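K.L.:
Just so it is clear, I am handing over start08.cif, which has mmCIF, C-alpha atoms and all ligand atoms.
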```
data_entry
#
loop_
_atom_site.label_atom_id
_atom_site.label_comp_id
_atom_site.auth_asym_id
_atom_site.auth_seq_id
_atom_site.Cartn_x
_atom_site.Cartn_y
_atom_site.Cartn_z
CA MET X 19 106.78 71.60 96.14
CA GLN X 20 110.27 72.65 95.08
CA LEU X 21 110.13 75.85 93.00
CA GLN X 22 111.94 75.88 89.66
CA ASN X 23 112.23 79.67 89.79
CA ASP X 24 112.64 80.93 93.35
CA LEU X 25 114.32 84.22 92.43
CA LEU X 26 111.57 86.30 94.09
CA LEU X 27 111.83 84.39 97.35
CA ARG X 28 115.63 84.56 97.38
CA ALA X 29 115.52 88.30 96.73
CA ALA X 30 112.83 88.84 99.39
CA ALA X 31 115.01 86.96 101.87
CA GLY X 32 117.74 89.52 101.25
CA GLN X 33 120.02 87.19 99.33
CA GLN X 34 122.25 88.45 96.56
CA THR X 35 120.72 87.36 93.24
CA GLU X 36 122.12 87.33 89.71
CA ARG X 37 119.45 89.81 88.61
CA PRO X 38 116.31 91.24 90.22
CA PRO X 39 113.11 89.21 89.94
CA VAL X 40 110.33 90.97 88.01
CA TRP X 41 106.53 91.04 88.24
CA LEU X 42 103.93 93.77 87.77
CA MET X 43 101.17 94.97 90.04
CA ARG X 44 97.89 94.36 88.13
CA GLN X 45 99.62 91.98 85.70
CA ALA X 46 96.48 89.81 85.86
CA GLY X 47 93.83 91.89 84.18
CA ARG X 48 92.92 94.18 81.38
CA ILE X 49 96.33 94.52 79.69
CA LEU X 50 95.75 90.98 78.38
CA PRO X 51 93.23 90.42 75.55
CA GLU X 52 92.60 86.89 76.88
CA TYR X 53 91.51 88.43 80.23
CA ARG X 54 89.15 90.88 78.55
CA ALA X 55 87.63 88.10 76.44
CA LEU X 56 87.05 85.86 79.46
CA ARG X 57 85.53 88.70 81.54
CA GLU X 58 83.18 89.44 78.63
CA LYS X 59 82.21 85.80 78.32
CA VAL X 60 81.31 85.37 82.00
CA ASN X 61 79.63 88.75 82.18
CA GLY X 62 81.76 90.68 84.63
CA PHE X 63 84.57 90.89 87.14
CA LYS X 64 82.87 89.27 90.13
CA ASN X 65 82.00 86.17 88.14
CA LEU X 66 85.74 85.74 87.56
CA VAL X 67 86.80 86.51 91.14
CA GLU X 68 84.30 84.12 92.73
CA ASN X 69 85.04 81.12 90.52
CA PRO X 70 88.19 79.18 91.56
CA GLU X 71 88.77 77.69 88.07
CA LEU X 72 88.60 81.14 86.50
CA VAL X 73 90.72 82.67 89.28
CA CYS X 74 93.32 80.04 88.40
CA GLU X 75 93.10 80.71 84.68
CA VAL X 76 93.37 84.51 85.00
CA THR X 77 96.27 84.24 87.49
CA LEU X 78 98.22 82.10 85.02
CA GLN X 79 97.58 84.25 81.95
CA PRO X 80 100.37 86.78 82.64
CA VAL X 81 102.82 84.03 83.61
CA ARG X 82 102.33 82.52 80.17
CA ALA X 83 102.10 85.77 78.21
CA LEU X 84 104.86 87.77 79.90
CA GLY X 85 107.24 85.26 81.49
CA VAL X 86 107.24 87.11 84.84
CA ASP X 87 109.05 85.63 87.85
CA ALA X 88 105.88 85.37 89.97
CA ALA X 89 102.15 84.85 89.72
CA ILE X 90 99.85 87.09 91.77
CA LEU X 91 96.54 85.69 92.91
CA PHE X 92 93.67 87.09 90.88
CA SER X 93 91.20 88.59 93.35
CA ASP X 94 90.48 92.00 94.85
CA ILE X 95 91.12 93.75 98.15
CA LEU X 96 87.35 94.38 98.39
CA VAL X 97 86.51 90.77 99.18
CA ILE X 98 87.30 91.67 102.81
CA PRO X 99 84.62 94.36 103.26
CA GLU X 100 82.22 91.92 101.63
CA ALA X 101 83.18 89.08 103.97
CA MET X 102 82.66 91.53 106.88
CA GLY X 103 79.12 92.32 105.73
CA LEU X 104 79.40 95.09 103.11
CA PRO X 105 78.94 93.62 99.63
CA TYR X 106 80.51 95.45 96.66
CA GLN X 107 79.74 95.66 92.99
CA MET X 108 82.32 96.31 90.29
CA VAL X 109 80.73 98.73 87.84
CA GLU X 110 82.12 98.45 84.32
CA SER X 111 84.57 101.27 83.54
CA LYS X 112 83.65 103.03 86.81
CA GLY X 113 85.06 100.85 89.57
CA PRO X 114 83.87 99.60 92.95
CA TRP X 115 80.50 100.56 94.41
CA PHE X 116 79.01 99.67 97.83
CA GLU X 117 75.27 99.86 98.39
CA GLN X 118 75.77 100.26 102.15
CA THR X 119 78.58 102.27 103.72
CA ILE X 120 79.85 103.02 107.20
CA ASP X 121 78.51 106.50 107.93
CA THR X 122 78.29 106.49 111.72
CA PRO X 123 79.83 104.53 114.62
CA GLU X 124 76.45 102.77 114.91
CA ASP X 125 76.93 101.19 111.44
CA ILE X 126 79.96 99.23 112.66
CA LYS X 127 77.65 97.03 114.74
CA LYS X 128 76.36 95.48 111.51
CA LEU X 129 79.82 94.13 110.68
CA ARG X 130 81.55 90.90 111.63
CA ILE X 131 85.15 89.68 111.57
CA ALA X 132 85.63 87.86 108.26
CA ASP X 133 85.62 84.07 108.43
CA PRO X 134 87.64 82.91 105.41
CA GLU X 135 86.47 79.33 105.87
CA ALA X 136 82.85 80.44 105.51
CA SER X 137 83.02 83.22 102.94
CA LEU X 138 86.36 83.22 101.10
CA ARG X 139 86.58 79.65 99.90
CA PHE X 140 86.65 80.82 96.29
CA VAL X 141 90.03 82.39 97.08
CA THR X 142 91.60 79.48 98.96
CA ASP X 143 90.25 76.95 96.46
CA GLY X 144 91.65 79.18 93.70
CA VAL X 145 95.09 79.19 95.38
CA LYS X 146 95.16 75.38 95.49
CA LEU X 147 94.25 75.10 91.81
CA ILE X 148 96.84 77.72 90.84
CA ASN X 149 99.63 75.83 92.59
CA GLN X 150 98.59 72.57 90.94
CA GLU X 151 98.65 74.26 87.57
CA LEU X 152 101.90 76.17 88.19
CA ALA X 153 103.60 72.95 89.31
CA GLY X 154 106.38 74.95 90.97
CA LYS X 155 107.20 77.04 87.91
CA VAL X 156 107.15 80.35 89.83
CA PRO X 157 106.04 81.43 93.32
CA LEU X 158 102.50 82.65 93.99
CA ILE X 159 101.95 86.04 95.64
CA GLY X 160 98.92 86.42 97.93
CA PHE X 161 97.65 89.82 98.98
CA ALA X 162 95.22 91.94 100.96
CA GLY X 163 94.45 95.62 101.35
CA ALA X 164 95.95 97.42 104.33
CA PRO X 165 93.34 98.30 106.98
CA TRP X 166 93.36 102.06 106.28
CA THR X 167 92.72 101.49 102.55
CA ILE X 168 89.89 99.02 103.25
CA PHE X 169 88.43 101.44 105.83
CA SER X 170 88.45 104.17 103.16
CA TYR X 171 86.33 102.08 100.78
CA MET X 172 83.94 101.02 103.55
CA VAL X 173 83.28 104.65 104.49
CA GLU X 174 83.29 106.19 101.00
CA GLY X 175 81.49 103.35 99.22
CA LYS X 176 83.39 104.04 96.01
CA GLY X 177 86.60 105.49 94.68
CA SER X 178 87.27 109.16 95.36
CA LYS X 179 89.90 111.73 94.50
CA THR X 180 90.18 113.04 98.06
CA PHE X 181 88.65 110.33 100.27
CA SER X 182 87.42 113.28 102.34
CA LYS X 183 84.54 111.30 103.84
CA ALA X 184 86.99 108.69 105.18
CA ARG X 185 89.34 111.37 106.51
CA THR X 186 86.43 113.23 108.09
CA PHE X 187 85.39 110.03 109.90
CA LEU X 188 88.84 109.97 111.53
CA ILE X 189 88.32 113.51 112.81
CA GLN X 190 84.73 113.09 113.99
CA HIS X 191 84.86 109.52 115.31
CA PRO X 192 88.45 108.57 116.15
CA GLU X 193 87.46 105.85 118.61
CA ALA X 194 85.00 104.21 116.24
CA ALA X 195 87.64 104.48 113.51
CA HIS X 196 90.06 102.50 115.67
CA GLN X 197 87.37 99.93 116.40
CA LEU X 198 86.69 99.43 112.68
CA LEU X 199 90.38 99.39 111.76
CA SER X 200 90.91 96.75 114.41
CA MET X 201 88.11 94.58 113.00
CA ILE X 202 89.56 94.91 109.51
CA THR X 203 92.97 93.97 110.90
CA ASP X 204 91.66 90.80 112.54
CA SER X 205 89.80 89.91 109.33
CA THR X 206 92.93 90.48 107.25
CA ILE X 207 95.10 88.35 109.52
CA ALA X 208 92.62 85.47 109.27
CA TYR X 209 92.40 85.94 105.51
CA LEU X 210 96.16 86.01 104.90
CA LYS X 211 96.63 82.97 107.13
CA ALA X 212 94.02 81.15 105.03
CA GLN X 213 95.82 82.14 101.81
CA ILE X 214 99.11 80.89 103.27
CA ALA X 215 97.55 77.61 104.45
CA ALA X 216 96.21 77.17 100.90
CA GLY X 217 99.71 77.68 99.44
CA VAL X 218 100.75 81.27 98.66
CA HIS X 219 104.53 81.73 98.98
CA ILE X 220 104.71 85.44 99.87
CA VAL X 221 102.14 88.16 100.59
CA GLN X 222 101.77 91.84 99.74
CA LEU X 223 99.76 94.42 101.67
CA PHE X 224 98.42 97.24 99.48
CA ASP X 225 97.99 100.56 101.30
CA SER X 226 96.84 102.33 98.14
CA TRP X 227 95.50 105.39 99.99
CA ALA X 228 98.40 105.82 102.42
CA GLY X 229 99.41 109.08 100.76
CA ILE X 230 96.24 111.01 101.60
CA LEU X 231 96.92 110.97 105.35
CA SER X 232 99.19 113.37 107.20
CA PRO X 233 102.34 111.79 108.63
CA GLN X 234 100.82 112.08 112.12
CA GLN X 235 97.55 110.45 111.04
CA TYR X 236 99.45 107.73 109.23
CA ALA X 237 101.34 106.93 112.41
CA VAL X 238 98.07 106.65 114.36
CA PHE X 239 95.53 105.18 111.91
CA SER X 240 97.52 103.07 109.48
CA MET X 241 101.00 101.99 110.56
CA PRO X 242 100.01 100.31 113.87
CA TYR X 243 97.52 98.07 112.05
CA ILE X 244 99.99 97.13 109.32
CA SER X 245 102.45 96.38 112.10
CA ARG X 246 99.93 94.09 113.82
CA ILE X 247 99.42 92.17 110.57
CA CYS X 248 103.17 91.85 109.96
CA ASP X 249 103.68 90.53 113.49
CA ALA X 250 100.86 87.99 113.10
CA ILE X 251 102.07 86.59 109.78
CA ASN X 252 105.37 84.79 110.04
CA ALA X 253 105.16 81.76 107.76
CA VAL X 254 106.02 83.64 104.55
CA PRO X 255 107.86 86.86 103.59
CA LYS X 256 105.86 90.09 103.55
CA ILE X 257 105.85 93.06 101.15
CA VAL X 258 104.32 96.35 102.31
CA PHE X 259 103.37 98.82 99.57
CA ALA X 260 102.18 102.16 100.94
CA LYS X 261 101.43 104.31 97.91
CA GLY X 262 102.34 107.95 98.40
CA ALA X 263 103.65 107.48 101.95
CA PHE X 264 107.03 109.04 101.24
CA PHE X 265 106.92 110.48 104.78
CA ALA X 266 106.66 106.98 106.29
CA ARG X 267 109.61 105.30 104.62
CA HIS X 268 111.75 105.29 107.73
CA GLY X 269 108.87 104.03 109.87
CA LEU X 270 108.00 101.33 107.35
CA SER X 271 111.60 100.12 107.41
CA GLU X 272 111.15 99.22 111.08
CA LEU X 273 108.18 96.92 110.42
CA ASN X 274 108.45 93.17 110.75
CA CYS X 275 108.46 92.68 106.96
CA GLN X 276 111.14 91.91 104.37
CA VAL X 277 110.19 94.16 101.45
CA ILE X 278 108.98 97.76 101.07
CA GLY X 279 107.29 98.78 97.81
CA LEU X 280 108.06 102.23 96.41
CA ASP X 281 106.04 104.34 94.02
CA TRP X 282 107.70 106.48 91.34
CA ASN X 283 107.51 109.68 93.39
CA MET X 284 110.03 108.22 95.78
CA ASP X 285 113.66 108.85 94.94
CA ILE X 286 115.58 105.58 94.90
CA ALA X 287 118.82 106.74 96.56
CA GLU X 288 116.89 108.64 99.23
CA SER X 289 114.66 105.62 99.88
CA LYS X 290 117.69 103.37 100.30
CA GLN X 291 119.08 105.81 102.80
CA LEU X 292 115.80 106.19 104.73
CA THR X 293 115.31 102.45 104.97
CA GLY X 294 118.94 102.03 105.98
CA ASN X 295 119.48 98.82 104.01
CA ARG X 296 117.15 97.08 106.46
CA LYS X 297 114.73 96.13 103.68
CA VAL X 298 114.64 94.83 100.15
CA LEU X 299 112.98 97.48 97.97
CA GLN X 300 110.39 96.87 95.27
CA GLY X 301 109.32 99.10 92.41
CA ASN X 302 109.23 101.72 91.05
CA LEU X 303 109.05 102.61 87.36
CA ASP X 304 106.36 105.15 86.48
CA PRO X 305 103.69 103.06 84.65
CA CYS X 306 103.53 105.85 82.03
CA ILE X 307 107.08 105.02 80.89
CA LEU X 308 105.49 101.97 79.24
CA PHE X 309 103.69 104.33 76.85
CA GLY X 310 107.04 105.52 75.48
CA ASP X 311 108.97 103.91 72.62
CA LYS X 312 111.00 100.72 73.18
CA GLU X 313 114.29 102.59 73.51
CA THR X 314 112.79 104.70 76.29
CA VAL X 315 111.36 101.67 78.09
CA LYS X 316 114.77 99.93 77.98
CA LYS X 317 116.77 102.98 78.96
CA GLU X 318 114.50 103.96 81.88
CA THR X 319 114.30 100.37 83.13
CA ILE X 320 118.07 99.91 83.13
CA GLN X 321 118.53 103.29 84.79
CA MET X 322 116.14 102.18 87.54
CA LEU X 323 117.89 98.81 87.99
CA ASP X 324 121.28 100.55 88.20
CA ALA X 325 119.94 102.98 90.80
CA PHE X 326 118.70 100.17 93.07
CA GLY X 327 121.88 98.19 92.44
CA GLY X 328 120.78 95.04 94.31
CA HIS X 329 118.42 93.95 97.09
CA HIS X 330 115.64 94.85 94.69
CA ILE X 331 112.46 93.39 93.18
CA ALA X 332 111.66 95.03 89.84
CA ASN X 333 108.10 96.29 89.43
CA LEU X 334 106.24 99.43 88.46
CA GLY X 335 105.49 102.15 90.99
CA HIS X 336 101.77 101.24 90.88
CA GLY X 337 99.53 98.92 88.88
CA VAL X 338 100.08 98.70 85.13
CA TYR X 339 97.48 100.82 83.32
CA PRO X 340 94.91 98.77 81.36
CA ASP X 341 95.62 100.42 78.00
CA THR X 342 99.42 99.90 78.13
CA PRO X 343 100.83 98.43 74.88
CA LEU X 344 101.50 94.77 75.67
CA ASP X 345 104.71 94.82 73.65
CA ASN X 346 106.11 97.43 75.99
CA VAL X 347 105.12 95.43 79.06
CA LYS X 348 107.08 92.54 77.54
CA CYS X 349 109.98 94.85 76.78
CA PHE X 350 110.07 95.91 80.46
CA VAL X 351 110.04 92.28 81.65
CA ASP X 352 112.65 91.18 79.08
CA THR X 353 114.93 94.10 79.93
CA VAL X 354 114.96 93.07 83.59
CA LYS X 355 115.49 89.42 82.68
CA ALA X 356 118.50 90.28 80.51
CA TYR X 357 120.08 92.47 83.20
CA ARG X 358 122.95 91.23 85.41
CA TYR X 359 124.41 92.84 88.51
O1 LIG E 401 97.20 91.32 88.90
C1 LIG E 401 96.98 91.66 90.04
O2 LIG E 401 97.59 92.60 90.59
C2 LIG E 401 96.03 90.84 90.89
C3 LIG E 401 94.69 91.27 90.92
C4 LIG E 401 94.28 92.53 91.66
C5 LIG E 401 93.09 93.21 91.34
N1 LIG E 401 92.89 94.18 92.27
C6 LIG E 401 92.19 92.85 90.22
C7 LIG E 401 91.32 93.90 89.66
C8 LIG E 401 94.84 93.18 92.76
C9 LIG E 401 96.15 92.92 93.49
C10 LIG E 401 93.95 94.22 93.13
C11 LIG E 401 94.16 95.11 94.28
C12 LIG E 401 93.33 96.30 94.42
N2 LIG E 401 91.98 96.43 94.21
C13 LIG E 401 93.80 97.52 94.95
C14 LIG E 401 95.20 97.78 95.43
C15 LIG E 401 96.13 98.00 94.32
C16 LIG E 401 96.03 99.38 93.72
O3 LIG E 401 95.75 99.42 92.50
O4 LIG E 401 96.28 100.34 94.42
C17 LIG E 401 92.72 98.42 94.98
C18 LIG E 401 92.74 99.85 95.44
C19 LIG E 401 91.57 97.70 94.51
C20 LIG E 401 90.17 98.21 94.38
C21 LIG E 401 89.74 98.24 92.98
N3 LIG E 401 89.50 97.12 92.21
C22 LIG E 401 89.48 99.39 92.18
C23 LIG E 401 89.64 100.82 92.65
C24 LIG E 401 89.09 98.93 90.93
C25 LIG E 401 88.63 99.77 89.77
C26 LIG E 401 89.75 100.45 89.11
C27 LIG E 401 90.36 99.54 88.09
O5 LIG E 401 91.56 99.33 88.11
O6 LIG E 401 89.57 99.07 87.28
C28 LIG E 401 89.15 97.50 90.94
C29 LIG E 401 88.84 96.60 89.81
C30 LIG E 401 89.82 95.55 89.46
N4 LIG E 401 90.54 94.80 90.34
C31 LIG E 401 90.13 95.13 88.15
C32 LIG E 401 91.05 94.09 88.26
C33 LIG E 401 91.65 93.27 87.16
C34 LIG E 401 89.49 95.66 86.88
C35 LIG E 401 88.13 95.11 86.75
C36 LIG E 401 87.75 94.90 85.33
O7 LIG E 401 88.07 93.83 84.79
O8 LIG E 401 87.15 95.81 84.75
#
```
I need this file expressed as structure tokens, please.
P.N.:
Amino acid sequence: MQLQNDLLLRAAAGQQTERPPVWLMRQAGRILPEYRALREKVNGFKNLVENPELVCEVTLQPVRALGVDAAILFSDILVIPEAMGLPYQMVESKGPWFEQTIDTPEDIKKLRIADPEASLRFVTDGVKLINQELAGKVPLIGFAGAPWTIFSYMVEGKGSKTFSKARTFLIQHPEAAHQLLSMITDSTIAYLKAQIAAGVHIVQLFDSWAGILSPQQYAVFSMPYISRICDAINAVPKIVFAKGAFFARHGLSELNCQVIGLDWNMDIAESKQLTGNRKVLQGNLDPCILFGDKETVKKETIQMLDAFGGHHIANLGHGVYPDTPLDNVKCFVDTVKAYRY
């Protein structure tokens, strides 16, 4: 279907646009009262994620409420560990929790490569419904976790400040680590291909825990797997967001992808230089700016847009925090939409 608003896709393709497109990581979720009400009503996160009608509804909520230039599929990166054989729970106000974890190389034998046809139909059915409902209004972003980030959750079994158990696994069992990363990579390729076949227009890989590895470890345990995914996915543009991987910006710019996401620790001018204008950049306002007053939100947003100066997709430097004042999220979106190069 012809898109009415294809600004995101034009920007991702490296075209000069009249203004940057804007969307927010975690736009579908707790910032919206209608999301919180629905999650309450169905008794929890997983009951939303696993129901295609509700996936569709929650994906559309921010498009209606905020007027963003893209929808992002409502799901979670943790559906991949589950489809590989490690089910997760989402514990209210605590986060993800896995009953079983990967503690030893032996544990990997219990896992399988994810088969999206068999276990991720709720996602692909959701994508089809979303596109029907969107009727070409804006593009739909699909996503997956990068293999290193998924590996971290499979080993730790929950969130962690240091992810020391995951990093220790790399030291004690490097070969098994590569075997598991490779299985996650194959699962992710199959999963993204299924999302694309169902209708997503662009995909983002989230390497949320990129920044806890050394540059050398990143080059060995994360980048090659991201690279394999980028090479396998060619039907739609790709965004790679490696949170905290300031040391990898040059390397990331050589991947077979169109867009690199930046977090707010990354200087914009320096990032442009390191990526040598080979990539469109996405980001990178500190989500905490949205807790300032309106003048601050406007001023900081415009300053960021000026600093990128083109070939840019406006976003925050990480997901929007759940308690952010909705008015300020709107102010951020409206400021970008009023901006012209
Ligand atoms: O709007 C969107 O961005 C789409 C939906 C989306 C969710 N998770 C829904 C969600 C996306 C893209 C994700 C990705 C995700 N999930 C990442 C990568 C992005 C990042 O933030 O770095 C990670 C690391 C996860 C794993 C995860 N899921 C954690 C650590 C948590 C708990 C922390 C938190 O934010 O609550 C989740 C839960 C989760 N995923 C929620 C939502 C809306 C909140 C659940 C709730 O309703 O209470």
K.L.:
When you count all atoms listed in the file, which of these residues is closest to ligand LIG 401 (chain E): X:Ile278, X:Cys248, X:Leu223, X:Leu323?
P.N.:
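Using all atoms listed in the file, the shortest distance to ligand LIG 401 (chain E) belongs to X:Leu223.
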K.L.:
Using all atoms listed in the file, which residues of the polymer chains come no farther than 8 Å from ligand LIG 401 (chain E)? I'd like the answer as number ranges by chain.
P.N.:
X: 42-48, 53-54, 57, 62-63, 77, 90-96, 108-114, 161-163, 167, 176-177, 224-227, 261, 336-337, 339-340
K.L.:
Do you know which residues are at most 7 Å from Pro255 (chain X) counting only C-alpha atoms, after dropping those on the same chain fewer than 5 positions away, and could you put them as a VMD selection string?
P.N.:
chain X and resid 30 220 to 221 275 to 276
K.L.:
With all atoms listed in the file as the atoms that count, which of X:Gln222, X:Gln213, X:Asn283, X:Gln34 lies nearest to Asn149 (chain X)?
P.N.:
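Nearest candidate to Asn149 (chain X) out of X:Gln222, X:Gln213, X:Asn283, X:Gln34: X:Gln213.
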K.L.:
Restricting the calculation to all atoms listed in the file: of X:Leu138, X:Ala83, X:Pro38, X:Ala29, which residue gets closest to Val354 (chain X)?
P.N.:
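Looking only at the distances to Val354 (chain X), the closest residue turns out to be X:Pro38.
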K.L.:
If we count only C-alpha atoms and set the cut-off at 9 Å, which residues sit around Phe350 (chain X), ignoring sequence neighbours fewer than 5 positions away in its own chain? Please answer as a PyMOL selection string.
P.N.:
chain X and resi 308+312+315-316+319+345+355
K.L.:
Set up a box along x, y and z of the file covering all listed atoms of region 104-113 of chain X, add 4 Å on every one of the six sides, and write the centre and edge lengths in Å to one decimal, as JSON.
P.N.:
```
{"center_x": 82.0, "center_y": 98.3, "center_z": 93.3, "size_x": 14.1, "size_y": 17.4, "size_z": 27.6}
```
K.L.:
Work out how far CA of Val254 (chain X) is from CA of Asn69 (chain X), in Å to one decimal.
P.N.:
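Rounded to one decimal, the two atoms are 25.4 Å apart.
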K.L.:
Of the candidates X:Tyr236, X:Ala325, X:Ala250, X:Ala287, which one gets nearest to Ala266 (chain X) if we count all atoms listed in the file?
P.N.:
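The closest residue to Ala266 (chain X) is X:Tyr236.
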K.L.:
Could you check how far CA of Ser170 (chain X) sits from CA of Ile120 (chain X), in Å to one decimal?
P.N.:
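A separation of 9.6 Å between them.
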K.L.:
So which one's closest to Val81 (chain X), X:Tyr359, X:Trp41, X:Tyr171, X:Phe309? Using only C-alpha atoms, please.
P.N.:
X:Trp41
K.L.:
Give me the residues within 12 Å of Asn65 (chain X) as JSON, numbers by chain, counting only C-alpha atoms and dropping any in the same chain fewer than 4 places off.
P.N.:
{"X": [56, 57, 58, 59, 60, 61, 69, 70, 71, 72, 73, 76, 93, 107, 108, 140]}
K.L.:
So which residues touch Lys290 (chain X) within 10 Å, counting all atoms listed in the file, skipping near sequence neighbours fewer than 2 positions away, as a list in words?
P.N.:
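So the residues in contact are Arg267, His268, Ser271, Asp285, Ile286, Ala287, Glu288, Leu292, Thr293, Gly294, Asn295, Arg296, Lys297, Val298, Leu299, Ala325, Phe326 and His329 of chain X.
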K.L.:
Restricting the calculation to all atoms listed in the file: of X:Ile257, X:Ala55, X:Val67, X:Ile49, which residue gets closest to Val347 (chain X)?
P.N.:
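Of X:Ile257, X:Ala55, X:Val67, X:Ile49, the one nearest Val347 (chain X), counting all atoms listed in the file, is X:Ile49.
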